[in-house]
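So this one's work17.csv, CSV, C-alpha atoms (C1' of nucleotides):
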chain,number,residue,atom,x,y,z
A,5,MET,CA,206.1,-62.0,81.9
A,6,ALA,CA,202.3,-62.0,82.1
A,7,THR,CA,200.9,-64.9,84.0
A,8,VAL,CA,198.7,-67.3,82.2
A,9,ARG,CA,195.3,-67.4,83.7
A,10,ILE,CA,194.6,-71.0,84.4
A,11,SER,CA,192.6,-72.0,87.4
A,12,ALA,CA,193.8,-74.9,89.5
A,13,ALA,CA,190.8,-76.8,88.4
A,14,ALA,CA,191.0,-76.1,84.7
A,15,ALA,CA,194.7,-76.9,84.2
A,16,PRO,CA,194.5,-80.7,84.6
A,17,SER,CA,191.7,-81.1,82.0
A,18,SER,CA,193.5,-78.8,79.6
A,19,PHE,CA,196.6,-80.8,80.0
A,20,SER,CA,194.7,-84.0,79.3
A,21,THR,CA,194.2,-82.8,75.7
A,22,LEU,CA,197.9,-82.0,75.3
A,23,PHE,CA,199.0,-85.4,74.1
A,24,THR,CA,200.2,-86.4,77.5
A,25,HIS,CA,198.2,-89.6,77.6
A,26,GLU,CA,199.4,-93.2,77.4
A,27,LYS,CA,203.1,-93.3,77.2
A,28,ALA,CA,204.0,-96.8,78.2
A,29,GLY,CA,207.7,-97.3,78.0
A,30,MET,CA,208.6,-93.8,79.0
A,31,SER,CA,210.0,-92.8,82.4
A,32,ASN,CA,208.1,-90.2,84.5
A,33,VAL,CA,210.9,-87.8,83.9
A,34,ASP,CA,210.3,-88.1,80.2
A,35,LYS,CA,206.6,-87.7,80.6
A,36,GLU,CA,206.9,-84.6,82.7
A,37,LYS,CA,209.4,-83.1,80.3
A,38,ILE,CA,207.1,-83.8,77.3
A,39,LYS,CA,204.1,-82.3,79.2
A,40,ARG,CA,206.1,-79.2,80.0
A,41,ILE,CA,207.4,-78.7,76.4
A,42,VAL,CA,203.9,-79.1,74.9
A,43,TYR,CA,202.4,-76.8,77.4
A,44,GLU,CA,205.1,-74.1,77.0
A,45,MET,CA,204.6,-74.2,73.2
A,46,SER,CA,200.8,-74.3,73.4
A,47,LYS,CA,199.8,-72.0,76.1
A,48,ASP,CA,199.8,-68.7,74.2
A,49,SER,CA,198.1,-70.0,71.1
A,50,ALA,CA,194.5,-69.2,70.1
A,51,HIS,CA,193.8,-72.9,69.9
A,52,PHE,CA,194.8,-73.4,73.5
A,53,LYS,CA,192.7,-70.6,74.7
A,54,GLU,CA,189.7,-71.9,72.8
A,55,GLN,CA,190.3,-75.2,74.3
A,56,GLU,CA,190.4,-73.6,77.7
A,57,ARG,CA,187.1,-71.9,77.1
A,58,ARG,CA,185.6,-75.3,76.1
A,59,ASP,CA,187.0,-76.8,79.3
A,60,GLN,CA,185.5,-74.0,81.2
A,61,ARG,CA,182.0,-74.7,79.8
A,62,VAL,CA,182.4,-78.3,80.6
A,63,THR,CA,183.4,-77.4,84.2
A,64,GLU,CA,180.2,-75.4,84.5
A,65,HIS,CA,178.2,-78.3,83.3
A,66,ILE,CA,180.0,-80.5,85.8
A,67,ASN,CA,179.2,-78.1,88.6
A,68,ALA,CA,175.5,-78.2,87.6
A,69,CYS,CA,175.6,-81.9,87.6
A,70,ARG,CA,177.3,-81.9,91.0
A,71,GLU,CA,174.5,-79.8,92.5
A,72,ARG,CA,171.9,-82.0,91.1
A,73,HIS,CA,173.8,-85.0,92.4
A,74,GLN,CA,173.9,-83.6,95.9
A,75,ARG,CA,170.2,-82.8,95.9
A,76,ILE,CA,169.2,-86.4,95.2
A,77,GLY,CA,167.5,-87.7,98.3
A,78,ALA,CA,168.1,-91.1,99.8
A,79,ASP,CA,164.7,-92.4,98.8
A,80,GLU,CA,165.1,-91.1,95.3
A,81,LEU,CA,168.5,-92.7,95.0
A,82,LYS,CA,167.1,-95.9,96.3
A,83,SER,CA,164.5,-96.0,93.6
A,84,HIS,CA,167.1,-95.3,90.9
A,85,GLU,CA,169.1,-98.1,92.3
A,86,GLN,CA,166.2,-100.5,92.0
A,87,ARG,CA,165.6,-99.4,88.5
A,88,ALA,CA,169.3,-99.9,87.7
A,89,ASP,CA,169.3,-103.3,89.2
A,90,ARG,CA,166.2,-104.4,87.3
A,91,LEU,CA,167.8,-103.1,84.1
A,92,LEU,CA,171.0,-104.9,84.8
A,93,VAL,CA,169.2,-108.2,85.4
A,94,GLU,CA,167.3,-107.8,82.2
A,95,LEU,CA,170.4,-106.9,80.2
A,96,ASP,CA,172.4,-109.7,81.7
A,97,GLY,CA,169.6,-112.1,80.9
A,98,HIS,CA,169.8,-111.3,77.3
A,99,ARG,CA,173.5,-111.6,77.1
A,100,ASN,CA,174.5,-113.2,73.8
A,101,LEU,CA,177.7,-115.2,73.8
A,102,GLU,CA,177.1,-117.1,70.5
A,103,ARG,CA,179.1,-115.1,68.0
A,104,THR,CA,182.8,-114.7,67.7
A,105,TRP,CA,183.7,-111.2,66.7
A,106,ALA,CA,187.1,-109.9,65.7
A,107,CYS,CA,188.2,-106.3,65.6
A,108,VAL,CA,191.2,-105.7,63.4
A,109,ASP,CA,193.1,-102.5,63.8
A,110,MET,CA,196.1,-101.8,61.6
A,111,ASP,CA,199.2,-100.7,63.4
A,112,ALA,CA,200.3,-97.1,62.9
A,113,PHE,CA,198.6,-97.5,59.5
A,114,PHE,CA,199.7,-94.4,57.5
A,115,ALA,CA,203.3,-94.6,58.8
A,116,ALA,CA,203.4,-98.3,58.2
A,117,CYS,CA,202.3,-97.8,54.6
A,118,GLU,CA,205.0,-95.2,54.0
A,119,ALA,CA,207.7,-97.4,55.5
A,120,LEU,CA,206.6,-100.3,53.3
A,121,GLU,CA,207.2,-98.3,50.2
A,122,ASP,CA,210.2,-96.4,51.3
A,123,PRO,CA,213.1,-98.5,52.6
A,124,SER,CA,214.8,-95.5,54.1
A,125,LEU,CA,211.9,-95.3,56.6
A,126,ARG,CA,212.2,-98.9,57.8
A,127,GLY,CA,213.7,-100.0,61.1
A,128,ASP,CA,213.5,-97.6,64.0
A,129,VAL,CA,213.2,-94.4,62.0
A,130,VAL,CA,211.8,-91.4,63.9
A,131,PHE,CA,209.3,-90.0,61.5
A,132,ALA,CA,205.7,-88.7,61.2
A,133,VAL,CA,203.2,-88.7,58.4
A,134,GLY,CA,202.1,-85.1,58.1
A,135,GLY,CA,203.8,-81.7,58.2
A,136,THR,CA,205.0,-79.1,60.6
A,137,SER,CA,201.5,-77.8,61.3
A,138,MET,CA,199.8,-81.2,61.8
A,139,ILE,CA,200.7,-84.8,62.2
A,140,SER,CA,198.5,-87.7,61.1
A,141,THR,CA,200.5,-90.6,62.4
A,142,ALA,CA,203.8,-91.1,64.2
A,143,SER,CA,206.1,-94.0,63.7
A,144,TYR,CA,206.5,-96.1,66.8
A,145,ALA,CA,210.0,-94.9,67.1
A,146,ALA,CA,208.7,-91.3,67.1
A,147,ARG,CA,206.1,-92.2,69.7
A,148,ARG,CA,208.8,-92.9,72.2
A,149,TYR,CA,209.5,-89.2,72.2
A,150,GLY,CA,205.9,-88.2,72.8
A,151,VAL,CA,204.9,-87.6,69.2
A,152,ARG,CA,201.2,-88.3,68.6
A,153,SER,CA,198.5,-88.2,66.0
A,154,ALA,CA,196.9,-84.8,65.8
A,155,MET,CA,199.9,-83.1,67.4
A,156,PRO,CA,201.2,-80.0,65.6
A,157,GLY,CA,204.3,-81.0,63.8
A,158,PHE,CA,206.4,-78.2,65.1
A,159,ILE,CA,205.9,-79.3,68.6
A,160,ALA,CA,206.7,-82.9,67.7
A,161,GLN,CA,209.8,-81.6,66.1
A,162,ARG,CA,210.8,-79.8,69.3
A,163,LEU,CA,210.1,-82.9,71.4
A,164,CYS,CA,212.5,-84.9,69.3
A,165,ARG,CA,215.2,-82.3,69.2
A,166,GLU,CA,215.1,-82.0,73.0
A,167,ALA,CA,215.9,-85.7,73.0
A,168,GLY,CA,218.7,-85.2,70.5
A,169,VAL,CA,217.1,-86.8,67.5
A,170,SER,CA,215.6,-85.3,64.4
A,171,LEU,CA,212.0,-85.9,63.3
A,172,ARG,CA,211.5,-86.7,59.6
A,173,PHE,CA,208.2,-85.6,58.0
A,174,VAL,CA,206.5,-87.6,55.3
A,175,PRO,CA,203.6,-86.0,53.4
A,176,VAL,CA,200.2,-87.6,53.6
A,177,ASP,CA,199.3,-89.7,50.6
A,178,PHE,CA,195.8,-90.9,50.9
A,179,PRO,CA,195.6,-92.9,47.7
A,180,LYS,CA,198.5,-95.0,49.0
A,181,TYR,CA,196.6,-95.8,52.2
A,182,LEU,CA,193.5,-96.7,50.3
A,183,LYS,CA,195.5,-99.1,48.2
A,184,PHE,CA,196.8,-100.9,51.2
A,185,ALA,CA,193.5,-100.8,52.9
A,186,GLU,CA,192.1,-102.6,49.9
A,187,LEU,CA,194.8,-105.2,50.1
A,188,ALA,CA,194.1,-105.8,53.8
A,189,ARG,CA,190.4,-106.2,52.9
A,190,THR,CA,191.2,-109.0,50.6
A,191,ALA,CA,192.5,-110.8,53.6
A,192,PHE,CA,189.4,-109.9,55.7
A,193,ARG,CA,187.2,-111.4,53.1
A,194,LEU,CA,188.8,-114.8,53.5
A,195,PHE,CA,187.4,-114.9,57.0
A,196,ASP,CA,184.1,-112.9,56.6
A,197,PRO,CA,183.0,-111.8,53.2
A,198,HIS,CA,180.6,-109.4,54.9
A,199,PHE,CA,183.1,-107.8,57.2
A,200,ILE,CA,182.3,-104.3,58.4
A,201,ALA,CA,184.8,-101.6,57.4
A,202,ALA,CA,184.7,-99.2,60.4
A,203,SER,CA,187.3,-97.0,58.8
A,204,CYS,CA,190.3,-97.1,56.5
A,205,ASP,CA,192.4,-99.0,59.1
A,206,GLU,CA,189.8,-100.8,61.2
A,207,ALA,CA,187.3,-103.5,60.6
A,208,PHE,CA,185.0,-105.9,62.4
A,209,LEU,CA,184.7,-109.5,61.2
A,210,ASP,CA,182.3,-112.2,62.3
A,211,LEU,CA,184.5,-115.2,62.7
A,212,THR,CA,181.8,-117.5,63.9
A,213,ASP,CA,181.3,-119.4,60.7
A,214,TYR,CA,185.0,-119.5,59.9
A,215,CYS,CA,185.8,-121.0,63.3
A,216,ALA,CA,183.1,-123.6,63.1
A,217,HIS,CA,184.0,-124.6,59.5
A,218,HIS,CA,187.6,-125.0,60.3
A,219,ALA,CA,187.1,-126.3,63.9
A,220,ILE,CA,189.4,-123.8,65.4
A,221,SER,CA,189.4,-121.4,68.3
A,222,GLY,CA,189.0,-117.6,68.0
A,223,ALA,CA,192.6,-117.3,69.1
A,224,GLU,CA,193.8,-119.5,66.2
A,225,ALA,CA,191.6,-117.6,63.8
A,226,ALA,CA,193.1,-114.3,65.0
A,227,THR,CA,196.6,-115.7,64.4
A,228,ARG,CA,195.7,-116.8,60.9
A,229,LEU,CA,194.0,-113.5,60.2
A,230,ARG,CA,197.1,-111.5,61.3
A,231,HIS,CA,199.2,-113.7,59.1
A,232,GLN,CA,196.9,-113.2,56.1
A,233,VAL,CA,196.9,-109.5,56.5
A,234,LEU,CA,200.7,-109.4,56.7
A,235,GLU,CA,200.8,-111.5,53.5
A,236,ALA,CA,198.1,-109.6,51.6
A,237,THR,CA,199.8,-106.3,52.3
A,238,ARG,CA,203.3,-107.7,52.0
A,239,GLY,CA,204.3,-106.3,55.3
A,240,LEU,CA,201.6,-104.5,57.3
A,241,THR,CA,200.9,-105.6,60.8
A,242,CYS,CA,197.7,-105.3,62.7
A,243,SER,CA,196.3,-106.0,66.1
A,244,VAL,CA,193.3,-108.2,66.7
A,245,GLY,CA,190.8,-108.4,69.5
A,246,ILE,CA,188.5,-111.4,69.8
A,247,ALA,CA,185.3,-111.4,71.8
A,248,SER,CA,181.6,-112.2,71.7
A,249,SER,CA,180.7,-108.6,70.9
A,250,ARG,CA,182.1,-105.9,68.7
A,251,MET,CA,182.5,-103.6,71.7
A,252,LEU,CA,184.6,-106.1,73.6
A,253,ALA,CA,186.6,-107.0,70.5
A,254,LYS,CA,187.4,-103.4,69.9
A,255,ILE,CA,188.6,-102.9,73.4
A,256,ALA,CA,190.5,-106.1,73.2
A,257,SER,CA,192.3,-105.1,70.0
A,258,ASP,CA,194.1,-102.4,72.0
A,259,VAL,CA,195.4,-104.7,74.7
A,260,ASN,CA,198.3,-106.1,72.8
A,261,LYS,CA,198.9,-103.5,70.2
A,262,PRO,CA,201.0,-103.4,68.1
A,263,ASN,CA,201.2,-106.7,66.2
A,264,GLY,CA,199.4,-108.6,68.8
A,265,GLN,CA,196.0,-110.2,69.7
A,266,TYR,CA,193.9,-110.7,72.8
A,267,VAL,CA,190.9,-113.0,73.4
A,268,VAL,CA,188.1,-112.3,75.8
A,269,PRO,CA,186.6,-115.7,76.5
A,270,ALA,CA,182.9,-115.9,75.8
A,271,GLU,CA,182.0,-116.4,79.4
A,272,ARG,CA,180.1,-114.1,81.6
A,273,GLU,CA,182.8,-114.1,84.4
A,274,ALA,CA,185.7,-113.6,82.0
A,275,ILE,CA,183.8,-110.7,80.4
A,276,VAL,CA,183.0,-109.0,83.6
A,277,SER,CA,186.5,-109.2,85.0
A,278,PHE,CA,187.9,-108.0,81.6
A,279,ILE,CA,185.7,-104.9,81.5
A,280,GLY,CA,185.7,-104.1,85.2
A,281,PRO,CA,189.2,-102.5,85.5
A,282,MET,CA,188.9,-100.7,82.1
A,283,PRO,CA,189.1,-96.9,82.2
A,284,LEU,CA,185.7,-95.5,81.3
A,285,ARG,CA,187.2,-93.8,78.2
A,286,LYS,CA,187.4,-97.2,76.6
A,287,ILE,CA,183.7,-97.5,76.4
A,288,PRO,CA,182.3,-96.3,73.1
A,289,GLY,CA,180.1,-93.3,73.7
A,290,ILE,CA,182.2,-92.1,76.6
A,291,GLY,CA,184.5,-89.4,75.3
A,292,ARG,CA,186.5,-86.7,76.9
A,293,VAL,CA,183.6,-84.8,78.3
A,294,THR,CA,181.6,-87.7,79.7
A,295,GLU,CA,184.7,-89.1,81.2
A,296,ARG,CA,185.2,-85.9,83.1
A,297,VAL,CA,181.6,-85.8,84.3
A,298,LEU,CA,181.8,-89.3,85.6
A,299,ARG,CA,185.1,-88.8,87.3
A,300,GLU,CA,184.4,-85.4,88.7
A,301,VAL,CA,180.8,-85.8,89.7
A,302,LEU,CA,180.6,-89.5,90.6
A,303,GLY,CA,184.3,-90.2,91.3
A,304,ALA,CA,184.3,-93.1,89.0
A,305,GLU,CA,187.4,-93.9,86.9
A,306,THR,CA,186.8,-97.5,85.9
A,307,CYS,CA,183.8,-99.6,84.7
A,308,ALA,CA,183.6,-101.4,88.0
A,309,GLU,CA,183.6,-98.1,89.9
A,310,LEU,CA,180.8,-96.7,87.7
A,311,LEU,CA,178.8,-99.9,88.2
A,312,ALA,CA,179.0,-99.3,91.9
A,313,LYS,CA,177.5,-95.8,91.2
A,314,ARG,CA,174.7,-97.1,89.0
A,315,ALA,CA,172.0,-95.3,91.0
A,316,ALA,CA,173.5,-91.9,90.5
A,317,LEU,CA,174.2,-92.8,86.9
A,318,CYS,CA,170.5,-93.4,86.3
A,319,ALA,CA,169.6,-90.2,88.1
A,320,LEU,CA,171.9,-88.0,86.2
A,321,PHE,CA,171.6,-89.3,82.6
A,322,THR,CA,168.6,-89.9,80.3
A,323,ALA,CA,167.2,-93.3,80.4
A,324,ARG,CA,168.6,-94.1,77.0
A,325,VAL,CA,172.1,-93.1,77.8
A,326,ALA,CA,172.0,-94.7,81.3
A,327,ARG,CA,170.9,-98.0,79.7
A,328,GLU,CA,173.6,-97.8,77.1
A,329,HIS,CA,176.3,-97.2,79.7
A,330,LEU,CA,175.0,-99.9,82.1
A,331,SER,CA,175.0,-102.3,79.2
A,332,ALA,CA,178.6,-101.5,78.3
A,333,LEU,CA,179.6,-101.9,82.0
A,334,LEU,CA,178.4,-105.5,81.7
A,335,GLY,CA,180.4,-105.9,78.6
A,336,ILE,CA,177.4,-106.0,76.4
A,337,GLY,CA,177.1,-104.2,73.1
A,338,GLY,CA,177.4,-105.1,69.4
A,339,GLU,CA,176.7,-108.8,69.6
A,340,GLY,CA,174.1,-109.0,66.8
A,341,PRO,CA,174.2,-108.0,63.2
A,342,PRO,CA,175.2,-104.4,62.8
A,343,PRO,CA,172.8,-101.7,62.0
A,344,LEU,CA,175.1,-100.4,59.2
A,345,GLN,CA,175.5,-101.8,55.8
A,346,ARG,CA,178.2,-104.5,55.4
A,347,GLU,CA,180.8,-104.9,52.8
A,348,GLY,CA,179.5,-106.2,49.5
A,349,GLU,CA,175.9,-105.1,50.0
A,350,PRO,CA,174.5,-102.2,48.3
A,351,SER,CA,174.5,-99.1,50.5
A,352,GLN,CA,172.2,-96.2,50.3
A,353,LYS,CA,174.8,-93.8,51.5
A,354,GLY,CA,178.4,-94.2,50.5
A,355,VAL,CA,180.4,-96.1,53.1
A,356,SER,CA,182.1,-93.9,55.6
A,357,GLN,CA,184.2,-91.0,54.3
A,358,GLU,CA,187.9,-90.8,54.4
A,359,ARG,CA,189.6,-89.7,57.6
A,360,THR,CA,192.5,-87.6,58.1
A,361,PHE,CA,193.8,-89.0,61.3
A,362,GLU,CA,194.2,-92.2,63.0
A,363,PRO,CA,193.0,-92.7,66.6
A,364,THR,CA,195.5,-90.9,68.9
A,365,GLY,CA,195.6,-93.3,71.7
A,366,ALA,CA,197.8,-96.2,70.7
A,367,PRO,CA,200.4,-96.7,73.3
A,368,LEU,CA,203.9,-97.9,72.4
B,7,DG,C1',162.6,-79.4,63.0
B,8,DC,C1',167.0,-76.9,64.4
B,9,DG,C1',171.2,-75.8,66.6
B,10,DG,C1',174.6,-77.1,69.9
B,11,DA,C1',177.3,-80.6,72.0
B,12,DT,C1',179.5,-84.8,71.9
B,13,DC,C1',181.7,-88.6,69.9
B,14,DA,C1',184.3,-91.4,66.6
B,15,DC,C1',187.7,-91.7,63.4
C,3,DG,C1',204.6,-69.5,61.9
C,4,DA,C1',202.0,-73.0,62.8
C,5,DT,C1',196.9,-76.9,66.4
C,6,DG,C1',191.8,-81.4,61.8
C,7,DG,C1',187.4,-82.3,59.0
C,8,DT,C1',183.2,-84.7,58.6
C,9,DG,C1',179.3,-87.3,59.6
C,10,DA,C1',176.2,-89.2,62.9
C,11,DT,C1',173.5,-89.0,67.0
C,12,DC,C1',171.3,-87.1,70.8
C,13,DC,C1',169.2,-83.6,73.5
C,14,DG,C1',166.9,-79.6,74.7
C,15,DC,C1',164.4,-76.1,72.9
Can you turn what I pasted into structure tokens?
Amino acid sequence: MATVRISAAAAPSSFSTLFTHEKAGMSNVDKEKIKRIVYEMSKDSAHFKEQERRDQRVTEHINACRERHQRIGADELKSHEQRADRLLVELDGHRNLERTWACVDMDAFFAACEALEDPSLRGDVVFAVGGTSMISTASYAARRYGVRSAMPGFIAQRLCREAGVSLRFVPVDFPKYLKFAELARTAFRLFDPHFIAASCDEAFLDLTDYCAHHAISGAEAATRLRHQVLEATRGLTCSVGIASSRMLAKIASDVNKPNGQYVVPAEREAIVSFIGPMPLRKIPGIGRVTERVLREVLGAETCAELLAKRAALCALFTARVAREHLSALLGIGGEGPPPLQREGEPSQKGVSQERTFEPTGAPL
DNA sequence: GCGGATCAC
DNA sequence: GATGGTGATCCGC
């Protein structure tokens, strides 16, 4: 058999795209087995080879960054550090802890909608919304076997069969999801009539006025909100993050997913210790590529680690990007009114288009 | 401006 | 047998 040409350096990054991330609740043996099956079924495909080419280009970019990084002199680094520190002081000085934001994220949205309308899908049924070529959303039961959003269905099918279970496919039915999204939104309006619909299954609510008016905490509001969503949709659960900024609320909404909530107290210390240990990928604007750059050039995996490398960060990125990242590392971003149109107001461009997939990351 | 890359969903 | 679709933004040219 012909050997597959994968350099030692390229393999791990390719693997990172192969749905092998975040599998809480699975043993290492399971994870390894899933990784192996996905790899074996993928490695000869055109898609995989294209992915490899992309990874290779990123690797070259990283090597260029590394060279630049190594050429930075001590005095140059020092001046970048001073610039970073001035910026950090300025950003921290403008920290705004006044608003209470919620990020609401529906749990396994498409799958949950299907289960709600089809009793035979309820309980611990291993199924996926989508088909044998592509999966949109996996039921939580299916996720236990490694099935993920944006995974080819035939691979998902194999993963389940290897575990001795069969995977049921349910076709995508967008009108159905829009109907439930609208029901959930009737609940959102009770808390913030101007809520921001980020997508079909995700929204930001400014709970400040609601909390003040009812004299309740953000945590209590989140509990009520989850209850109202459950009621309005007659059965859909969501996860809620509460914080003083939309960025933090979004990250927090993932902490106790599914059907949970998490509050980041509106205090500087609490925010900094919340964000510090977060993997950089959690920061909006840091995607697959930037994550690799930061890890492979600066050796930073978490927010706190990148903060320690702030000088190099400023040296390698444009001022605008560096500022954005530094801001995020302090837990700052999305405190004020959003730049986008809010629900209920006339919008010049239609609100965000439909999406085919849910985010892929939700752990069990 | 335009095209390519990146990101989000 | 088979591996998404679209818009937005930024950057370098």
Practice task
May I have the residues within 6 Å of A:Thr141 as a ChimeraX atom specification, using all atoms listed in the file and disregarding those fewer than 5 positions away in the same chain?
Solution key: /A:132-133,153
Practice task
Would you give me, as a ChimeraX atom specification, the residues of chain B that come within 10 Å of chain A, using all atoms listed in the file?
Solution key: /B:11-15
Completion exercise
Separating atom CA of A:Asp79 from atom CA of A:Leu333, to the nearest tenth of an Å, is a gap of 24.4 Å
Problem - Separation of atom CA of A:Ile139 from atom CA of A:Ile41 in Å - result: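 Going from atom CA of A:Ile41 over to atom CA of A:Ile139, I get 16.8 Å.
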What are the closest atom pairs, with distances in Å to one decimal, for all residues of chain A lying within 7 Å of chain C? Consider only C-alpha atoms (C1' of nucleotides), order rows by chain and residue number, and present the result as JSON lines.
{"residue": "A:His51", "atom": "CA", "partner": "C:DT5", "partner_atom": "C1'", "distance": 6.2}
{"residue": "A:Ser137", "atom": "CA", "partner": "C:DA4", "partner_atom": "C1'", "distance": 5.1}
{"residue": "A:Met138", "atom": "CA", "partner": "C:DT5", "partner_atom": "C1'", "distance": 6.9}
{"residue": "A:Met155", "atom": "CA", "partner": "C:DT5", "partner_atom": "C1'", "distance": 7.0}
{"residue": "A:Pro156", "atom": "CA", "partner": "C:DT5", "partner_atom": "C1'", "distance": 5.4}
Go ahead and write the residues just picked, C-alpha atoms, as a CSV table (one decimal), in the frame of the given file.
chain,number,residue,atom,x,y,z
A,51,HIS,CA,193.8,-72.9,69.9
A,137,SER,CA,201.5,-77.8,61.3
A,138,MET,CA,199.8,-81.2,61.8
A,155,MET,CA,199.9,-83.1,67.4
A,156,PRO,CA,201.2,-80.0,65.6
Exercise for the section: State, in Å with one decimal place, the distance from atom CA of A:Lys183 to atom CA of A:Arg230. Expected result: 18.1 Å
Handout entry: A:Leu320 surroundings by only C-alpha atoms (C1' of nucleotides), 9 Å radius, close-in-sequence under 3 positions cut, as a ChimeraX atom specification
Key = /A:69,72-73,315-317,326
Practice task
Return the single residue from A:Val233, A:Leu125, A:Ala188, A:Leu101 that is closest to A:Gly335, with distances computed using all atoms listed in the file.
Solution key: A:Leu101
Practice task
Please provide as a PyMOL selection string all residues within 8 Å of A:Lys254, with the sequence filter that same-chain residues fewer than 4 positions apart are discarded (counting only C-alpha atoms (C1' of nucleotides)).
Solution key: chain A and resi 106-108+245+250+258
